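Source file entry-v6.tsv; content: TSV, C-alpha atoms and all ligand atoms.
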```
chain	number	residue	atom	x	y	z
A	1	MET	CA	0.00	0.00	0.00
A	2	SER	CA	1.30	3.43	-0.89
A	3	PHE	CA	0.55	6.36	1.37
A	4	GLN	CA	1.67	8.66	-1.44
A	5	GLN	CA	-1.11	7.25	-3.62
A	6	VAL	CA	-3.65	8.03	-0.88
A	7	LEU	CA	-2.48	11.65	-0.85
A	8	ALA	CA	-2.54	11.83	-4.65
A	9	ASP	CA	-6.12	10.49	-4.66
A	10	ALA	CA	-7.10	12.98	-1.94
A	11	ARG	CA	-5.66	15.84	-3.98
A	12	ALA	CA	-7.54	14.62	-7.04
A	13	GLN	CA	-10.73	14.86	-4.95
A	14	SER	CA	-9.83	18.25	-3.55
A	15	ASP	CA	-12.71	20.13	-5.27
A	16	TRP	CA	-15.22	17.69	-3.80
A	17	ILE	CA	-13.80	18.06	-0.26
A	18	VAL	CA	-13.55	21.85	-0.55
A	19	GLY	CA	-17.11	21.99	-1.92
A	20	LEU	CA	-18.44	20.16	1.14
A	21	ARG	CA	-16.46	22.44	3.42
A	22	ARG	CA	-17.82	25.60	1.76
A	23	THR	CA	-21.41	24.39	2.05
A	24	LEU	CA	-20.86	23.69	5.75
A	25	HIS	CA	-19.17	27.06	6.15
A	26	ARG	CA	-22.17	28.94	4.73
A	27	PHE	CA	-24.61	27.33	7.19
A	28	PRO	CA	-22.93	27.16	10.61
A	29	GLU	CA	-24.88	25.58	13.47
A	30	LEU	CA	-24.18	25.84	17.19
A	31	MET	CA	-23.75	22.97	19.63
A	32	TYR	CA	-26.45	20.27	19.60
A	33	GLU	CA	-28.22	22.13	16.77
A	34	GLU	CA	-26.14	20.55	13.96
A	35	VAL	CA	-29.26	19.36	12.13
A	36	LYS	CA	-28.43	20.47	8.57
A	37	THR	CA	-24.79	19.56	9.14
A	38	SER	CA	-25.54	15.99	10.15
A	39	GLN	CA	-28.03	15.74	7.28
A	40	LEU	CA	-25.24	16.70	4.86
A	41	VAL	CA	-22.98	14.10	6.49
A	42	CYS	CA	-25.68	11.41	6.10
A	43	ASP	CA	-26.48	12.41	2.50
A	44	THR	CA	-22.79	12.22	1.61
A	45	LEU	CA	-22.40	8.83	3.30
A	46	ASP	CA	-25.48	7.63	1.35
A	47	GLN	CA	-23.84	8.75	-1.92
A	48	LEU	CA	-20.72	6.82	-0.96
A	49	GLY	CA	-22.72	3.74	0.05
A	50	ILE	CA	-21.40	3.77	3.62
A	51	ALA	CA	-23.57	2.50	6.48
A	52	TYR	CA	-24.13	4.77	9.47
A	53	GLU	CA	-26.18	5.41	12.57
A	54	ARG	CA	-27.52	8.86	13.31
A	55	GLY	CA	-29.04	10.62	16.30
A	56	ILE	CA	-26.17	9.68	18.60
A	57	ALA	CA	-25.56	12.42	21.19
A	58	VAL	CA	-28.53	14.30	19.61
A	59	THR	CA	-27.01	15.16	16.21
A	60	GLY	CA	-23.98	12.86	16.02
A	61	VAL	CA	-23.40	10.39	13.19
A	62	VAL	CA	-21.29	7.23	13.35
A	63	ALA	CA	-20.32	5.53	10.09
A	64	THR	CA	-18.70	2.12	9.71
A	65	LEU	CA	-16.33	0.78	7.07
A	66	GLY	CA	-14.52	-2.55	6.80
A	67	THR	CA	-15.25	-5.98	8.22
A	68	GLY	CA	-17.28	-4.97	11.27
A	69	GLU	CA	-14.90	-7.11	13.35
A	70	SER	CA	-11.89	-6.32	15.58
A	71	PRO	CA	-9.46	-4.66	15.35
A	72	CYS	CA	-11.43	-1.42	15.27
A	73	ILE	CA	-10.05	2.08	15.05
A	74	ALA	CA	-11.85	5.42	15.11
A	75	LEU	CA	-11.45	8.71	13.27
A	76	ARG	CA	-13.17	11.75	14.72
A	77	ALA	CA	-14.44	15.12	13.47
A	78	ASP	CA	-16.46	17.77	15.32
A	79	MET	CA	-19.29	19.62	13.57
A	80	ASP	CA	-20.35	22.68	15.62
A	81	ALA	CA	-19.77	26.39	14.96
A	82	LEU	CA	-19.32	29.42	17.24
A	83	PRO	CA	-21.53	32.41	18.14
A	84	ILE	CA	-19.24	34.83	16.28
A	85	HIS	CA	-20.20	37.19	13.45
A	86	GLU	CA	-17.97	36.45	10.45
A	87	GLU	CA	-15.80	39.26	9.08
A	88	THR	CA	-13.83	37.47	6.37
A	89	ASP	CA	-13.86	38.34	2.66
A	90	VAL	CA	-14.49	34.80	1.39
A	91	PRO	CA	-17.32	34.32	-1.15
A	92	PHE	CA	-18.78	31.44	0.91
A	93	ARG	CA	-19.06	33.57	4.05
A	94	SER	CA	-21.53	32.51	6.77
A	95	GLU	CA	-25.15	33.18	5.78
A	96	VAL	CA	-26.29	33.06	9.40
A	97	ASP	CA	-25.86	36.31	11.34
A	98	GLY	CA	-23.91	35.83	14.54
A	99	LYS	CA	-22.73	32.31	13.74
A	100	MET	CA	-19.46	31.28	12.16
A	101	HIS	CA	-17.25	28.26	11.65
A	102	ALA	CA	-14.40	30.13	13.35
A	103	CYS	CA	-12.74	27.01	14.75
A	104	GLY	CA	-12.52	25.07	11.49
A	105	HIS	CA	-14.98	22.33	12.43
A	106	ASP	CA	-16.44	22.70	8.92
A	107	CYS	CA	-13.00	21.65	7.65
A	108	HIS	CA	-12.82	18.78	10.14
A	109	THR	CA	-16.17	17.39	8.98
A	110	ALA	CA	-15.32	17.79	5.27
A	111	MET	CA	-11.88	16.19	5.73
A	112	LEU	CA	-13.41	13.18	7.46
A	113	LEU	CA	-15.92	12.81	4.63
A	114	GLY	CA	-12.94	12.98	2.26
A	115	ALA	CA	-11.32	10.17	4.26
A	116	ALA	CA	-14.58	8.20	4.06
A	117	LYS	CA	-14.39	8.37	0.26
A	118	LEU	CA	-10.70	7.36	0.20
A	119	LEU	CA	-11.36	4.42	2.54
A	120	ARG	CA	-14.49	3.34	0.69
A	121	GLU	CA	-12.34	3.01	-2.45
A	122	ARG	CA	-9.95	0.78	-0.44
A	123	GLU	CA	-12.51	-1.05	1.69
A	124	SER	CA	-11.37	-4.49	0.51
A	125	GLU	CA	-7.91	-3.74	1.96
A	126	LEU	CA	-9.27	-3.00	5.45
A	127	ARG	CA	-8.39	-5.81	7.83
A	128	GLY	CA	-10.78	-4.69	10.53
A	129	THR	CA	-13.22	-1.88	11.18
A	130	VAL	CA	-12.96	1.88	10.75
A	131	ARG	CA	-15.50	3.91	12.67
A	132	LEU	CA	-16.03	7.53	11.63
A	133	LEU	CA	-17.28	9.74	14.46
A	134	PHE	CA	-19.03	12.96	13.45
A	135	GLN	CA	-19.70	14.52	16.82
A	136	PRO	CA	-21.67	17.56	17.97
A	137	ALA	CA	-20.90	20.21	20.55
A	138	GLU	CA	-17.13	20.39	20.94
A	139	GLU	CA	-17.33	24.10	21.85
A	140	GLY	CA	-18.23	23.68	25.52
A	141	GLY	CA	-21.01	21.12	25.21
A	142	ALA	CA	-18.84	18.03	25.83
A	143	GLY	CA	-20.33	16.28	22.77
A	144	GLY	CA	-17.35	13.91	22.82
A	145	LYS	CA	-18.23	12.74	26.32
A	146	ARG	CA	-21.82	12.19	25.31
A	147	MET	CA	-20.76	10.20	22.23
A	148	ARG	CA	-18.43	8.10	24.40
A	149	ASP	CA	-21.14	7.53	27.02
A	150	GLU	CA	-23.54	6.44	24.25
A	151	GLY	CA	-21.08	3.69	23.31
A	152	VAL	CA	-19.27	4.86	20.18
A	153	LEU	CA	-16.03	3.28	21.43
A	154	ASP	CA	-17.67	-0.15	21.97
A	155	ASN	CA	-18.72	-3.25	19.95
A	156	PRO	CA	-16.17	-3.93	18.66
A	157	GLY	CA	-14.02	-1.95	21.07
A	158	VAL	CA	-11.99	0.87	19.55
A	159	GLU	CA	-8.26	0.19	19.93
A	160	ARG	CA	-6.96	3.58	18.85
A	161	ILE	CA	-8.42	6.91	17.84
A	162	PHE	CA	-7.21	9.82	15.71
A	163	GLY	CA	-8.36	13.41	15.42
A	164	LEU	CA	-7.20	16.50	13.56
A	165	HIS	CA	-7.57	20.19	14.32
A	166	VAL	CA	-6.74	22.99	11.91
A	167	TRP	CA	-3.65	24.74	13.31
A	168	PRO	CA	-3.09	28.35	12.20
A	169	LYS	CA	0.32	28.46	13.89
A	170	LEU	CA	1.67	26.02	11.30
A	171	PRO	CA	1.92	26.51	7.51
A	172	THR	CA	0.00	24.32	5.08
A	173	GLY	CA	1.82	21.08	4.35
A	174	THR	CA	2.98	20.57	7.94
A	175	ILE	CA	1.58	19.00	11.11
A	176	GLY	CA	2.40	19.29	14.81
A	177	SER	CA	1.68	17.36	17.96
A	178	ARG	CA	3.50	15.66	20.81
A	179	ALA	CA	3.53	12.59	23.03
A	180	GLY	CA	1.80	13.02	26.38
A	181	THR	CA	-0.25	16.05	27.37
A	182	PHE	CA	-0.97	18.19	24.32
A	183	LEU	CA	-3.98	20.30	25.36
A	184	ALA	CA	-5.20	21.54	28.72
A	185	ALA	CA	-7.94	20.62	31.14
A	186	ALA	CA	-10.45	23.43	30.83
A	187	GLY	CA	-13.63	24.61	32.47
A	188	GLU	CA	-15.89	27.56	33.01
A	189	VAL	CA	-16.32	29.61	36.20
A	190	GLU	CA	-19.09	32.05	37.11
A	191	ILE	CA	-18.77	34.29	40.16
A	192	THR	CA	-21.68	36.39	41.41
A	193	ILE	CA	-20.82	39.11	43.94
A	194	HIS	CA	-23.82	39.97	46.09
A	195	GLY	CA	-23.90	43.40	47.78
A	196	LYS	CA	-26.67	45.83	48.64
A	197	GLY	CA	-27.85	48.26	45.98
A	198	GLY	CA	-28.95	51.84	46.38
A	199	HIS	CA	-28.34	55.47	45.46
A	200	ALA	CA	-24.82	56.05	44.22
A	201	ALA	CA	-24.75	59.35	46.13
A	202	MET	CA	-25.01	57.41	49.42
A	203	PRO	CA	-22.47	54.58	49.21
A	204	HIS	CA	-22.38	54.35	53.02
A	205	LEU	CA	-25.97	53.05	52.94
A	206	CYS	CA	-25.07	50.40	50.32
A	207	ILE	CA	-22.63	47.52	50.02
A	208	ASP	CA	-20.94	48.07	46.67
A	209	PRO	CA	-20.46	44.85	44.66
A	210	VAL	CA	-18.71	46.76	41.82
A	211	VAL	CA	-15.66	47.71	43.88
A	212	THR	CA	-15.60	44.22	45.39
A	213	ALA	CA	-15.79	42.59	41.92
A	214	ALA	CA	-12.81	44.70	40.84
A	215	LYS	CA	-10.85	43.45	43.86
A	216	VAL	CA	-11.85	39.84	43.17
A	217	ILE	CA	-10.64	40.10	39.55
A	218	THR	CA	-7.32	41.56	40.67
A	219	GLU	CA	-6.81	39.09	43.51
A	220	LEU	CA	-7.53	36.09	41.24
A	221	GLN	CA	-4.40	37.05	39.25
A	222	THR	CA	-2.28	36.15	42.27
A	223	ILE	CA	-3.32	32.48	42.17
A	224	ILE	CA	-1.20	31.88	39.06
A	225	SER	CA	1.56	34.35	40.00
A	226	ARG	CA	1.85	33.60	43.75
A	227	ASN	CA	0.28	30.20	44.51
A	228	LEU	CA	1.07	28.03	41.50
A	229	ASP	CA	4.53	26.45	41.22
A	230	PRO	CA	6.39	28.60	38.65
A	231	LEU	CA	7.37	25.40	36.83
A	232	ASP	CA	3.73	24.33	36.52
A	233	SER	CA	1.15	25.75	34.07
A	234	GLY	CA	-2.26	27.27	34.67
A	235	VAL	CA	-4.60	29.94	33.35
A	236	ILE	CA	-7.33	31.93	35.06
A	237	SER	CA	-8.96	34.48	32.74
A	238	ILE	CA	-11.99	36.53	33.76
A	239	THR	CA	-13.57	37.40	30.43
A	240	THR	CA	-16.99	38.89	31.19
A	241	VAL	CA	-18.11	41.48	33.75
A	242	HIS	CA	-21.79	42.34	34.06
A	243	GLY	CA	-23.29	44.66	36.65
A	244	GLY	CA	-25.34	47.80	36.90
A	245	GLU	CA	-27.70	49.59	34.52
A	246	ALA	CA	-27.54	53.27	35.57
A	247	TYR	CA	-24.65	55.63	36.29
A	248	ASN	CA	-26.20	56.78	39.57
A	249	VAL	CA	-27.28	53.43	41.00
A	250	ILE	CA	-25.11	50.98	42.91
A	251	PRO	CA	-26.31	47.55	41.71
A	252	GLU	CA	-27.28	44.66	43.92
A	253	THR	CA	-24.97	42.16	42.19
A	254	VAL	CA	-22.10	41.89	39.71
A	255	ARG	CA	-21.58	38.74	37.66
A	256	LEU	CA	-18.16	37.65	36.41
A	257	SER	CA	-17.30	34.68	34.23
A	258	GLY	CA	-14.18	33.18	32.78
A	259	THR	CA	-12.11	30.09	32.22
A	260	ILE	CA	-9.76	27.97	34.33
A	261	ARG	CA	-7.11	25.75	32.70
A	262	ALA	CA	-4.28	23.44	33.75
A	263	LEU	CA	-2.29	20.57	32.30
A	264	THR	CA	-3.50	17.96	34.81
A	265	MET	CA	-6.91	17.29	36.32
A	266	ASP	CA	-5.47	17.50	39.87
A	267	ARG	CA	-4.01	20.91	39.19
A	268	PHE	CA	-7.26	22.01	37.53
A	269	ARG	CA	-9.33	20.99	40.59
A	270	TRP	CA	-6.85	22.76	42.84
A	271	LEU	CA	-7.21	25.98	40.80
A	272	GLN	CA	-11.01	25.70	41.05
A	273	ASP	CA	-10.74	25.39	44.85
A	274	ARG	CA	-8.40	28.37	45.06
A	275	VAL	CA	-10.76	30.52	42.94
A	276	LYS	CA	-13.69	29.56	45.15
A	277	THR	CA	-11.84	30.27	48.41
A	278	LEU	CA	-10.27	33.51	47.28
A	279	ALA	CA	-13.42	34.97	45.68
A	280	SER	CA	-15.49	34.11	48.77
A	281	GLN	CA	-12.97	35.54	51.20
A	282	VAL	CA	-12.30	38.76	49.27
A	283	ALA	CA	-16.09	39.23	49.05
A	284	ALA	CA	-16.49	38.57	52.78
A	285	ALA	CA	-13.72	41.04	53.63
A	286	ASN	CA	-15.81	43.66	51.82
A	287	ASP	CA	-19.15	42.75	53.48
A	288	CYS	CA	-20.31	41.07	50.25
A	289	SER	CA	-20.84	37.41	49.55
A	290	ALA	CA	-19.78	35.44	46.48
A	291	THR	CA	-21.46	32.53	44.74
A	292	VAL	CA	-18.92	30.54	42.73
A	293	GLU	CA	-20.25	28.04	40.17
A	294	PHE	CA	-18.51	25.75	37.72
A	295	HIS	CA	-21.02	25.22	34.92
A	296	GLY	CA	-20.96	22.51	32.32
A	297	GLU	CA	-18.60	19.58	31.96
A	298	ALA	CA	-14.93	20.37	32.58
A	299	TYR	CA	-12.74	18.95	29.78
A	300	PRO	CA	-9.86	16.71	30.88
A	301	PRO	CA	-6.41	17.31	29.38
A	302	THR	CA	-5.89	15.79	25.92
A	303	VAL	CA	-3.14	13.23	26.38
A	304	ASN	CA	-1.57	11.60	23.32
A	305	ASP	CA	-0.32	8.03	23.42
A	306	ALA	CA	3.43	7.97	22.64
A	307	ASP	CA	3.22	4.90	20.37
A	308	VAL	CA	0.29	6.26	18.40
A	309	TRP	CA	2.03	9.61	17.89
A	310	SER	CA	5.18	7.79	16.82
A	311	ASP	CA	3.18	5.86	14.19
A	312	VAL	CA	1.52	9.08	13.00
A	313	GLN	CA	4.94	10.72	12.65
A	314	ASP	CA	6.08	7.81	10.47
A	315	PHE	CA	3.28	7.91	7.91
A	316	ALA	CA	3.05	11.72	8.00
A	317	ALA	CA	6.79	11.91	7.22
A	318	GLU	CA	6.24	9.58	4.29
A	319	LEU	CA	3.41	11.84	3.03
A	320	LEU	CA	4.82	15.28	3.76
A	321	GLY	CA	8.53	14.85	4.45
A	322	ARG	CA	10.20	14.44	7.85
A	323	GLU	CA	10.85	18.20	8.14
A	324	ALA	CA	7.09	18.87	7.88
A	325	VAL	CA	6.33	16.89	11.05
A	326	HIS	CA	6.81	18.98	14.18
A	327	GLU	CA	7.02	18.08	17.84
A	328	ILE	CA	5.34	21.12	19.43
A	329	PRO	CA	4.86	22.20	23.07
A	330	PRO	CA	1.50	21.80	24.81
A	331	VAL	CA	-1.04	24.61	24.50
A	332	MET	CA	-3.66	25.71	27.01
A	333	GLY	CA	-6.56	25.29	24.58
A	334	GLY	CA	-9.04	22.58	25.57
A	335	GLU	CA	-10.62	19.81	23.45
A	336	ASP	CA	-13.28	17.26	24.18
A	337	PHE	CA	-11.27	14.74	22.14
A	338	ALA	CA	-9.82	14.21	25.64
A	339	PHE	CA	-12.90	12.18	26.61
A	340	TYR	CA	-11.99	9.56	24.00
A	341	THR	CA	-8.31	9.39	24.95
A	342	GLU	CA	-9.32	8.95	28.59
A	343	ARG	CA	-10.61	5.55	27.47
A	344	VAL	CA	-8.47	4.47	24.51
A	345	PRO	CA	-4.97	5.32	23.21
A	346	GLY	CA	-5.08	8.02	20.59
A	347	CYS	CA	-3.48	11.03	19.04
A	348	PHE	CA	-4.77	14.52	18.37
A	349	VAL	CA	-2.81	16.40	15.74
A	350	GLY	CA	-2.61	20.03	14.60
A	351	LEU	CA	-2.90	20.38	10.81
A	352	GLY	CA	-1.08	23.41	9.38
A	353	VAL	CA	-3.52	25.76	7.58
A	354	SER	CA	-1.76	29.12	7.54
A	355	ASN	CA	-0.72	30.85	4.33
A	356	GLU	CA	0.42	34.47	4.46
A	357	ALA	CA	0.04	34.94	0.69
A	358	THR	CA	-3.74	34.39	0.94
A	359	GLY	CA	-4.32	36.14	4.27
A	360	CYS	CA	-4.83	32.92	6.22
A	361	THR	CA	-3.05	34.21	9.31
A	362	TYR	CA	-5.73	34.81	11.96
A	363	HIS	CA	-6.10	32.43	14.86
A	364	VAL	CA	-9.17	30.27	15.54
A	365	HIS	CA	-12.12	31.98	17.28
A	366	HIS	CA	-11.29	35.23	15.43
A	367	PRO	CA	-14.00	36.77	13.15
A	368	LYS	CA	-11.41	36.99	10.34
A	369	PHE	CA	-10.17	33.40	10.74
A	370	LYS	CA	-9.50	31.83	7.32
A	371	VAL	CA	-8.16	28.45	6.33
A	372	ASP	CA	-5.83	27.60	3.44
A	373	GLU	CA	-8.03	24.99	1.73
A	374	ASP	CA	-4.98	23.29	0.16
A	375	ALA	CA	-4.61	21.68	3.59
A	376	LEU	CA	-7.96	19.87	3.36
A	377	PRO	CA	-6.94	16.95	1.08
A	378	ILE	CA	-3.86	16.52	3.27
A	379	GLY	CA	-6.15	16.15	6.30
A	380	SER	CA	-8.30	13.58	4.49
A	381	ALA	CA	-5.18	11.63	3.51
A	382	LEU	CA	-3.83	11.70	7.09
A	383	HIS	CA	-7.13	10.30	8.42
A	384	ALA	CA	-7.19	7.56	5.78
A	385	CYS	CA	-3.51	6.67	6.27
A	386	PHE	CA	-4.04	6.45	10.03
A	387	ALA	CA	-6.77	3.86	9.44
A	388	LEU	CA	-4.79	1.91	6.87
A	389	GLN	CA	-1.60	1.92	8.91
A	390	SER	CA	-3.31	1.04	12.22
A	391	LEU	CA	-5.19	-1.91	10.71
A	392	SER	CA	-2.13	-3.31	8.95
A	393	ARG	CA	0.02	-3.45	12.11
A	401	NI	NI	-12.04	23.60	17.62
```

Kindly return the structure encoded in the file as structure tokens.
Ligand code: NI
Amino acid sequence: MSFQQVLADARAQSDWIVGLRRTLHRFPELMYEEVKTSQLVCDTLDQLGIAYERGIAVTGVVATLGTGESPCIALRADMDALPIHEETDVPFRSEVDGKMHACGHDCHTAMLLGAAKLLRERESELRGTVRLLFQPAEEGGAGGKRMRDEGVLDNPGVERIFGLHVWPKLPTGTIGSRAGTFLAAAGEVEITIHGKGGHAAMPHLCIDPVVTAAKVITELQTIISRNLDPLDSGVISITTVHGGEAYNVIPETVRLSGTIRALTMDRFRWLQDRVKTLASQVAAANDCSATVEFHGEAYPPTVNDADVWSDVQDFAAELLGREAVHEIPPVMGGEDFAFYTERVPGCFVGLGVSNEATGCTYHVHHPKFKVDEDALPIGSALHACFALQSLSR
């Protein structure tokens, strides 16, 4: 089997892959609302004659190729978009106000469909089962956990899993990842400071939650700078502040929210505890009280299996050249791919998509984020090669 041929075939199908991606890009859907997106996935799988199950984790789709027997490996793409208003100049710009594929999940879905086509053409060579996971709700909804809990890693049991994310820090034609912890544990925090509202001209008759909120925000900065081991990594970012309606009224409450991140779950839980203690005590010192809540499902760190990453490096070097395969440091972004690698060995890889010549330089989650589409057939080929290589071991 020639990996180079897989890449050549993927490039020959580039227009088809890019076409799917552009359709997805025009109609972005937020977490657990990926109705049209999963319909497009199912329609495409129908065209290719690939069996699938739908309605997993609400809008998820799981397709199956190969023998249906062990060994079984999984390839994963996420499908959801972000509540961002697109500001790019591309002709296939989002047609939905306030929603945008600003994290490249449109590319991930299209690349996995590209891999489905490549693998369908080679199905007789598959000595085992390839499961394609099209999952909802990566952007905070823990769709990966829901898919896992609904059994997508079972019957036959998945032995290894692979996922790609577009990576604007790397140029097209390259990839980057690492053995061990690659992405952070991440979760949301909401802090409500309760005071006593009243006339702003008579602060002595009120308990001002605005001043207290300001102190809480400032004090939280000392957790990373003064409490965390300087050789360890953590992030606490307060990103929203809401309180008050009128310039002459002291409000009753101020609400803050933000994100907490660390490279291990223990460290993450410790940061959560410190935030809770410090916010409560700073509030109490100012006659206020604080309610600290951790909403949603915290994402564990994404930990790559060393053997799987080593295998990926081998076939990626054959496809792209050894110098195009980078060992990169961990980043504090979070990914619900982590829920799969908690259970089975796997590897999550950054796919280079930047190209200065075409203005593809903005980072993900930016309203001007653009992808160099020449990377898409490479992504499809990497998925397909992962399946072929893993099943021929
Ligand atoms: Ni993403």

Counting all atoms listed in the file, which residues have an atom no more than 6 Å from (-24.0, 8.0, 21.2) in the file's coordinates? Please list them as a compact mmCIF listing (two decimals) with C-alpha atoms, keeping the file's coordinate frame.
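Output below, filename result-v5.txt:
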```txt
# COMPACT_ATOMS: atom_id res chain seq x y z
CA ILE A 56 -26.17 9.68 18.60
CA ALA A 57 -25.56 12.42 21.19
CA MET A 147 -20.76 10.20 22.23
CA GLU A 150 -23.54 6.44 24.25
CA GLY A 151 -21.08 3.69 23.31
CA VAL A 152 -19.27 4.86 20.18
```

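Shell of stretch 113-118 of chain A at 6 Å, with only C-alpha atoms counted and residues fewer than 2 places along the chain excluded, is Ile17, Ala110, Met111, Arg120, Glu121, Ser380, His383 and Ala384 of chain A.
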
Would you mind listing, for every residue of chain A within 10 Å of ligand NI 401 (chain A), the two atoms forming the shortest contact and the distance between them in Å to one decimal, using all atoms listed in the file, sorted by chain and ascending residue number, as JSON lines?
```
{"residue": "A:Ala77", "atom": "CA", "partner": "A:NI401", "partner_atom": "NI", "distance": 9.7}
{"residue": "A:Asp78", "atom": "CA", "partner": "A:NI401", "partner_atom": "NI", "distance": 7.7}
{"residue": "A:Met79", "atom": "CA", "partner": "A:NI401", "partner_atom": "NI", "distance": 9.2}
{"residue": "A:Asp80", "atom": "CA", "partner": "A:NI401", "partner_atom": "NI", "distance": 8.6}
{"residue": "A:Ala81", "atom": "CA", "partner": "A:NI401", "partner_atom": "NI", "distance": 8.6}
{"residue": "A:Leu82", "atom": "CA", "partner": "A:NI401", "partner_atom": "NI", "distance": 9.3}
{"residue": "A:His101", "atom": "CA", "partner": "A:NI401", "partner_atom": "NI", "distance": 9.2}
{"residue": "A:Ala102", "atom": "CA", "partner": "A:NI401", "partner_atom": "NI", "distance": 8.2}
{"residue": "A:Cys103", "atom": "CA", "partner": "A:NI401", "partner_atom": "NI", "distance": 4.5}
{"residue": "A:Gly104", "atom": "CA", "partner": "A:NI401", "partner_atom": "NI", "distance": 6.3}
{"residue": "A:His105", "atom": "CA", "partner": "A:NI401", "partner_atom": "NI", "distance": 6.1}
{"residue": "A:Asp106", "atom": "CA", "partner": "A:NI401", "partner_atom": "NI", "distance": 9.8}
{"residue": "A:His108", "atom": "CA", "partner": "A:NI401", "partner_atom": "NI", "distance": 8.9}
{"residue": "A:Ala137", "atom": "CA", "partner": "A:NI401", "partner_atom": "NI", "distance": 9.9}
{"residue": "A:Glu138", "atom": "CA", "partner": "A:NI401", "partner_atom": "NI", "distance": 6.9}
{"residue": "A:Glu139", "atom": "CA", "partner": "A:NI401", "partner_atom": "NI", "distance": 6.8}
{"residue": "A:Leu164", "atom": "CA", "partner": "A:NI401", "partner_atom": "NI", "distance": 9.5}
{"residue": "A:His165", "atom": "CA", "partner": "A:NI401", "partner_atom": "NI", "distance": 6.5}
{"residue": "A:Val166", "atom": "CA", "partner": "A:NI401", "partner_atom": "NI", "distance": 7.8}
{"residue": "A:Trp167", "atom": "CA", "partner": "A:NI401", "partner_atom": "NI", "distance": 9.5}
{"residue": "A:Gly333", "atom": "CA", "partner": "A:NI401", "partner_atom": "NI", "distance": 9.0}
{"residue": "A:Gly334", "atom": "CA", "partner": "A:NI401", "partner_atom": "NI", "distance": 8.6}
{"residue": "A:Glu335", "atom": "CA", "partner": "A:NI401", "partner_atom": "NI", "distance": 7.1}
{"residue": "A:Asp336", "atom": "CA", "partner": "A:NI401", "partner_atom": "NI", "distance": 9.2}
{"residue": "A:Phe337", "atom": "CA", "partner": "A:NI401", "partner_atom": "NI", "distance": 10.0}
{"residue": "A:Val364", "atom": "CA", "partner": "A:NI401", "partner_atom": "NI", "distance": 7.6}
{"residue": "A:His365", "atom": "CA", "partner": "A:NI401", "partner_atom": "NI", "distance": 8.4}
```

Query - Distance criterion (only C-alpha atoms): nearest to A:Thr59 out of A:Leu40, A:Leu170, A:Ile191, A:Cys347 - result: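 Under the stated criterion, the closest residue is A:Leu40.
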
Report summary line: A:Val90 proximity check over A:Ser225, A:Arg22, A:Lys276, A:Gly352, using only C-alpha atoms: winner is A:Arg22
